[in-house]
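The block underneath contains the structure these notes are about, expressed in structure tokens.
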Amino acid sequence: MTAIINTIWGGRISQIVDRQISCEWPGGLFQVVDEESNKVVIARTSNALVSIAYTGVASADRQWMDCNIANCLAHEELDLALIRPGSAYLGRPIHTVIDELKINLNGCLNSDRRSRVHDLKVTIVGWHLGRQYRPFAWELRREAPEPNGMRYFKLRMSSSRVGKFLRENPNGLWAESLGNPGASINERIGALGQTEGMTHDDVEVYLRDAIRQRATETVTVGSDCIGVQLDPRRHDWHVQVTYYPRPDGPDVCPFLSPWVLTPRLICAPTASSSNFGQTSECGRYALGGFEDGITNLKVQTRVPVAHVQEGRGIALDPQPRARVR
């Protein structure tokens, strides 16, 4: 279980997700398995730029779910090379890519006798790219068993609802929460109300604090968070990924960036724990990132300056993801 908050406002899409994975034991007791796991995958298709997050079962076929989602998108078992050629399957429209993700991800779950019985929700937010940039928010939800005993994913498309809201409220903030938000996160979203005088970073930090508050109420949500912002209109970056370490964590926290997949390039999760060499204009974040020049995708990563190790150069090293046993 996790907490996910999606927002669309001011020409930008944001998705903020906690990083904690827990398992449930008999009697309803929960135990933390991983406090720094990614639950996000970034993908660029022929006509869309999306951020994909999940909640529910965290592993299948002895791999974390973000790796399974990346494998299903690429239609192959991806290795952990830092950067490798992309997948031609991503060079198709987003509807086709997600339709096949439904089938492949369900097959991945069914191949694991423990994971096949659990629920999984996958939230997909992004931009349709073309003459007009149109935001959308979709959800893949694993349905109850059919008469044949099998379970399937159903795609819920709220794009029309999002578009109607933004047309009627051009300066408004559309938001949704998934996973285990409880009453506290939804109350904080409702209290936000309007964003006058706030930047996108202000809203992201506000929602990060909402997740941190929820983390004090339940073991199934952690206070470590990743925030993703998507803005294809910018010139300096199109995807911005920010790591927010938990307040009581170590002074130096390695940031495991998410999978990034395009038709020409696939970047596996990488750890960066040293001085990036650049800081944001506000001086609060150390900056890193990379660019896929062929598909024109610029990814910027950020870590709060207070949690960046000083006295060393840039360090981007492959970080193997342990298989779940």
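A note on labels: chains of the structure tokens are A, B, ... as shown, every chain counts residues from 1, and ligands are counted from 1 in their shown order.
Excluding Asp99 of chain A and any residue on its chain fewer than 6 positions from it, the residues at most 12 Å away by only C-alpha atoms are Cys72, Leu73, Arg92, Pro93, Leu105, Asn106, Trp138, Glu139, Leu140, Tyr152, Phe153, Lys154, Leu155 and Arg156 of chain A.
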(request) Run DSSP on the backbone and give me the residues of segment 28-207 of chain A it puts in alpha helix (DSSP H), as a ChimeraX atom specification. (result) /A:65-74,94-110,159-168,182-192,200-207
(message) Would you pick out the contacts of segment 108-118 of chain A at 8 Å or less, using only C-alpha atoms, so that residues sharing its chain but fewer than 4 positions from it are not included, and give the list as number ranges by chain?
(response) A: 56-57, 59-61, 68, 104
Contacts of segment 57-162 of chain A with segment 5-8 of chain A up to 12 Å, shortest pair per row, only C-alpha atoms, as a Markdown table:
| residue | atom | partner | partner_atom | distance |
| --- | --- | --- | --- | --- |
| A:Thr123 | CA | A:Asn6 | CA | 8.8 |
| A:Ile124 | CA | A:Asn6 | CA | 9.3 |
| A:Val125 | CA | A:Asn6 | CA | 7.5 |
| A:Gly126 | CA | A:Ile8 | CA | 9.3 |
| A:Trp127 | CA | A:Ile8 | CA | 10.3 |
| A:Arg134 | CA | A:Ile8 | CA | 10.8 |
| A:Pro135 | CA | A:Ile8 | CA | 7.6 |
| A:Phe136 | CA | A:Ile8 | CA | 8.9 |
| A:Ala137 | CA | A:Asn6 | CA | 8.5 |
| A:Trp138 | CA | A:Asn6 | CA | 10.8 |
| A:Glu139 | CA | A:Asn6 | CA | 11.5 |
| A:Ser159 | CA | A:Ile8 | CA | 11.3 |
| A:Val162 | CA | A:Ile8 | CA | 8.4 |
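Comparing A:Thr199, A:Ile185, A:Asp236, A:Ile266 by their smallest distance to Thr216 of chain A, the closest is A:Ile185 (using only C-alpha atoms).
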(request) Determine the nearest neighbour of Arg44 of chain A from the options A:Asp292, A:Glu168, A:Asp209, A:Glu76, counting only C-alpha atoms. (result) A:Asp292
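Closest to Arg214 of chain A among A:Glu187, A:Asp231, A:Glu291, A:Asp201 is A:Glu187, based on only C-alpha atoms.
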(message) For segment 298-305 of chain A, find every residue with an atom within 6 Å (counting only C-alpha atoms), except residues of its own chain fewer than 5 positions away, and show them as a PyMOL selection string.
(response) chain A and resi 237-243+284-291
Only N, CA and C atoms, please: the residues just picked out, written as a short mmCIF file (atom, residue, chain, number, x, y, z; two decimals), in the first residue's frame.
data_model
loop_
_atom_site.label_atom_id
_atom_site.label_comp_id
_atom_site.auth_asym_id
_atom_site.auth_seq_id
_atom_site.Cartn_x
_atom_site.Cartn_y
_atom_site.Cartn_z
N TRP A 237 13.74 21.70 -19.00
CA TRP A 237 13.42 20.33 -18.64
C TRP A 237 11.96 20.05 -18.98
N HIS A 238 11.66 18.77 -19.21
CA HIS A 238 10.28 18.33 -19.47
C HIS A 238 9.77 17.45 -18.34
N VAL A 239 10.69 16.77 -17.67
CA VAL A 239 10.37 15.95 -16.51
C VAL A 239 11.28 16.38 -15.37
N GLN A 240 10.69 16.68 -14.24
CA GLN A 240 11.47 17.04 -13.06
C GLN A 240 11.14 16.06 -11.93
N VAL A 241 12.16 15.38 -11.43
CA VAL A 241 11.99 14.38 -10.38
C VAL A 241 12.71 14.87 -9.13
N THR A 242 11.98 15.03 -8.03
CA THR A 242 12.56 15.54 -6.79
C THR A 242 12.44 14.48 -5.70
N TYR A 243 13.55 14.26 -5.01
CA TYR A 243 13.56 13.32 -3.89
C TYR A 243 13.47 14.11 -2.60
N ARG A 284 17.79 25.82 -3.10
CA ARG A 284 17.36 24.77 -2.17
C ARG A 284 17.66 23.36 -2.67
N TYR A 285 17.94 23.19 -3.97
CA TYR A 285 18.09 21.86 -4.53
C TYR A 285 19.39 21.73 -5.31
N ALA A 286 20.01 20.56 -5.19
CA ALA A 286 21.13 20.19 -6.06
C ALA A 286 20.55 19.51 -7.29
N LEU A 287 21.06 19.86 -8.45
CA LEU A 287 20.46 19.44 -9.71
C LEU A 287 21.33 18.41 -10.43
N GLY A 288 20.67 17.50 -11.09
CA GLY A 288 21.31 16.54 -11.96
C GLY A 288 20.36 16.23 -13.10
N GLY A 289 20.63 15.15 -13.85
CA GLY A 289 19.71 14.76 -14.90
C GLY A 289 20.40 14.35 -16.18
N PHE A 290 19.61 14.13 -17.21
CA PHE A 290 20.14 13.72 -18.50
C PHE A 290 19.15 14.11 -19.59
N GLU A 291 19.54 13.92 -20.85
CA GLU A 291 18.70 14.34 -21.97
C GLU A 291 18.71 13.27 -23.05
#
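The neighbours of Ala215 of chain A here are the residues that come within 10 Å of it, using only C-alpha atoms and leaving out any residue fewer than 4 positions away in the same chain; they are A:Thr2, A:Ala3, A:Asp18, A:Gln20, A:Pro181, A:Asp209, A:Ala210, A:Ile211, A:Val219, A:Thr220, A:Val221, A:Gly222, A:Ser223, A:Asp224.
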Those same residues - C-alpha atoms - I'd like them written as an mmCIF file, in the first residue's frame.
data_model
loop_
_atom_site.group_PDB
_atom_site.id
_atom_site.type_symbol
_atom_site.label_atom_id
_atom_site.label_comp_id
_atom_site.auth_asym_id
_atom_site.auth_seq_id
_atom_site.Cartn_x
_atom_site.Cartn_y
_atom_site.Cartn_z
ATOM 1 C CA THR A 2 1.107 3.562 -0.549
ATOM 2 C CA ALA A 3 -0.121 7.126 -0.878
ATOM 3 C CA ASP A 18 5.782 7.794 -0.932
ATOM 4 C CA GLN A 20 7.766 2.748 1.633
ATOM 5 C CA PRO A 181 -4.610 8.499 1.816
ATOM 6 C CA ASP A 209 3.822 17.397 3.999
ATOM 7 C CA ALA A 210 0.373 15.847 3.678
ATOM 8 C CA ILE A 211 1.964 12.448 2.941
ATOM 9 C CA VAL A 219 2.757 1.917 8.760
ATOM 10 C CA THR A 220 1.605 1.445 5.169
ATOM 11 C CA VAL A 221 2.740 4.957 4.156
ATOM 12 C CA GLY A 222 6.273 6.324 4.489
ATOM 13 C CA SER A 223 7.607 9.856 4.825
ATOM 14 C CA ASP A 224 10.230 9.428 2.071
#
(request) Please give the complete set of residues from segment 97-224 of chain A that DSSP, run on the backbone, assigns to strand (DSSP E), formatted as a list in words. (result)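 Across segment 97-224 of chain A, those assigned strand (DSSP E) are Leu120, Lys121, Val122, Thr123, Ile124, Val125, Gly126, Trp127, His128, Arg134, Pro135, Phe136, Ala137, Trp138, Glu139, Leu140, Arg141, Arg142, Phe153, Lys154, Leu155, Arg156, Met157, Trp174, Ala175, Glu176, Ser177, Leu178 and Gly179 of chain A.
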Include N, CA, C and O atoms and write out the residues we just selected as a tab-separated table (two decimals), in the first residue's frame.
chain	number	residue	atom	x	y	z
A	120	LEU	N	-4.04	-4.64	-7.37
A	120	LEU	CA	-3.04	-3.70	-7.86
A	120	LEU	C	-3.76	-2.59	-8.62
A	120	LEU	O	-4.63	-2.86	-9.44
A	121	LYS	N	-3.41	-1.35	-8.30
A	121	LYS	CA	-3.91	-0.20	-9.04
A	121	LYS	C	-2.72	0.54	-9.61
A	121	LYS	O	-1.71	0.76	-8.92
A	122	VAL	N	-2.83	0.91	-10.87
A	122	VAL	CA	-1.78	1.66	-11.55
A	122	VAL	C	-2.37	2.97	-12.03
A	122	VAL	O	-3.36	2.97	-12.78
A	123	THR	N	-1.81	4.08	-11.59
A	123	THR	CA	-2.31	5.39	-12.01
A	123	THR	C	-1.36	5.99	-13.04
A	123	THR	O	-0.13	5.94	-12.88
A	124	ILE	N	-1.94	6.53	-14.09
A	124	ILE	CA	-1.19	7.06	-15.22
A	124	ILE	C	-1.65	8.49	-15.47
A	124	ILE	O	-2.82	8.71	-15.81
A	125	VAL	N	-0.77	9.44	-15.27
A	125	VAL	CA	-1.10	10.84	-15.55
A	125	VAL	C	-0.10	11.38	-16.56
A	125	VAL	O	1.08	11.00	-16.54
A	126	GLY	N	-0.57	12.24	-17.45
A	126	GLY	CA	0.36	12.74	-18.45
A	126	GLY	C	-0.29	13.71	-19.41
A	126	GLY	O	-1.42	14.16	-19.24
A	127	TRP	N	0.48	13.98	-20.46
A	127	TRP	CA	0.08	14.93	-21.50
A	127	TRP	C	-0.04	14.22	-22.84
A	127	TRP	O	0.88	13.50	-23.25
A	128	HIS	N	-1.17	14.42	-23.51
A	128	HIS	CA	-1.25	14.09	-24.93
A	128	HIS	C	-0.48	15.15	-25.68
A	128	HIS	O	-0.73	16.35	-25.51
A	134	ARG	N	-2.95	18.18	-24.13
A	134	ARG	CA	-4.15	17.90	-23.34
A	134	ARG	C	-3.78	16.96	-22.19
A	134	ARG	O	-3.22	15.90	-22.42
A	135	PRO	N	-4.12	17.34	-20.96
A	135	PRO	CA	-3.80	16.48	-19.81
A	135	PRO	C	-4.78	15.32	-19.71
A	135	PRO	O	-5.93	15.42	-20.14
A	136	PHE	N	-4.33	14.23	-19.13
A	136	PHE	CA	-5.23	13.10	-18.88
A	136	PHE	C	-4.80	12.37	-17.61
A	136	PHE	O	-3.65	12.47	-17.17
A	137	ALA	N	-5.75	11.67	-17.03
A	137	ALA	CA	-5.51	10.86	-15.83
A	137	ALA	C	-6.27	9.55	-16.00
A	137	ALA	O	-7.50	9.55	-16.08
A	138	TRP	N	-5.54	8.45	-16.06
A	138	TRP	CA	-6.12	7.13	-16.22
A	138	TRP	C	-5.77	6.25	-15.02
A	138	TRP	O	-4.83	6.53	-14.28
A	139	GLU	N	-6.52	5.18	-14.88
A	139	GLU	CA	-6.24	4.23	-13.81
A	139	GLU	C	-6.50	2.81	-14.29
A	139	GLU	O	-7.56	2.52	-14.84
A	140	LEU	N	-5.52	1.95	-14.08
A	140	LEU	CA	-5.69	0.52	-14.31
A	140	LEU	C	-6.02	-0.12	-12.97
A	140	LEU	O	-5.25	0.00	-12.02
A	141	ARG	N	-7.14	-0.81	-12.92
A	141	ARG	CA	-7.57	-1.43	-11.67
A	141	ARG	C	-7.84	-2.91	-11.92
A	141	ARG	O	-8.58	-3.27	-12.82
A	142	ARG	N	-7.25	-3.76	-11.08
A	142	ARG	CA	-7.46	-5.20	-11.23
A	142	ARG	C	-8.81	-5.57	-10.63
A	142	ARG	O	-9.07	-5.37	-9.45
A	153	PHE	N	-7.42	-6.48	-15.78
A	153	PHE	CA	-7.36	-5.05	-15.51
A	153	PHE	C	-8.43	-4.32	-16.31
A	153	PHE	O	-8.69	-4.64	-17.47
A	154	LYS	N	-9.03	-3.33	-15.68
A	154	LYS	CA	-9.97	-2.46	-16.34
A	154	LYS	C	-9.40	-1.05	-16.35
A	154	LYS	O	-8.87	-0.57	-15.35
A	155	LEU	N	-9.50	-0.38	-17.50
A	155	LEU	CA	-8.97	0.96	-17.64
A	155	LEU	C	-10.07	1.98	-17.36
A	155	LEU	O	-11.11	1.98	-18.01
A	156	ARG	N	-9.83	2.81	-16.34
A	156	ARG	CA	-10.76	3.90	-16.02
A	156	ARG	C	-10.15	5.19	-16.54
A	156	ARG	O	-9.05	5.57	-16.14
A	157	MET	N	-10.86	5.86	-17.43
A	157	MET	CA	-10.35	7.08	-18.05
A	157	MET	C	-11.14	8.27	-17.51
A	157	MET	O	-12.34	8.37	-17.72
A	174	TRP	N	-6.96	20.58	-10.14
A	174	TRP	CA	-7.62	19.28	-10.13
A	174	TRP	C	-6.69	18.32	-9.37
A	174	TRP	O	-5.49	18.28	-9.60
A	175	ALA	N	-7.25	17.54	-8.45
A	175	ALA	CA	-6.42	16.64	-7.64
A	175	ALA	C	-7.17	15.36	-7.35
A	175	ALA	O	-8.40	15.34	-7.26
A	176	GLU	N	-6.42	14.27	-7.20
A	176	GLU	CA	-6.97	12.98	-6.78
A	176	GLU	C	-5.94	12.27	-5.92
A	176	GLU	O	-4.73	12.49	-6.06
A	177	SER	N	-6.41	11.44	-5.03
A	177	SER	CA	-5.53	10.65	-4.17
A	177	SER	C	-5.86	9.18	-4.34
A	177	SER	O	-7.02	8.81	-4.57
A	178	LEU	N	-4.85	8.32	-4.24
A	178	LEU	CA	-5.01	6.89	-4.39
A	178	LEU	C	-4.23	6.17	-3.30
A	178	LEU	O	-3.39	6.76	-2.63
A	179	GLY	N	-4.50	4.87	-3.17
A	179	GLY	CA	-3.79	4.06	-2.20
A	179	GLY	C	-4.45	4.14	-0.84
A	179	GLY	O	-5.63	3.82	-0.68
(message) Would you pick out the contacts of Val32 of chain A at 7 Å or less, using only C-alpha atoms, so that residues sharing its chain but fewer than 5 positions from it are not included, and give the list as a list in words?
(response)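 The residues that qualify are Ile21, Ser22 and Cys23 of chain A.
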Selection above as a file: N, CA, C and O atoms, as a CSV table (one decimal), in the first residue's frame:
chain,number,residue,atom,x,y,z
A,21,ILE,N,7.5,0.4,1.4
A,21,ILE,CA,6.8,-0.9,1.1
A,21,ILE,C,6.7,-1.7,2.4
A,21,ILE,O,7.7,-1.8,3.1
A,22,SER,N,5.5,-2.1,2.6
A,22,SER,CA,5.2,-2.9,3.8
A,22,SER,C,4.5,-4.2,3.5
A,22,SER,O,3.9,-4.3,2.4
A,23,CYS,N,4.6,-5.2,4.3
A,23,CYS,CA,3.8,-6.4,4.1
A,23,CYS,C,2.9,-6.7,5.3
A,23,CYS,O,3.2,-6.3,6.4
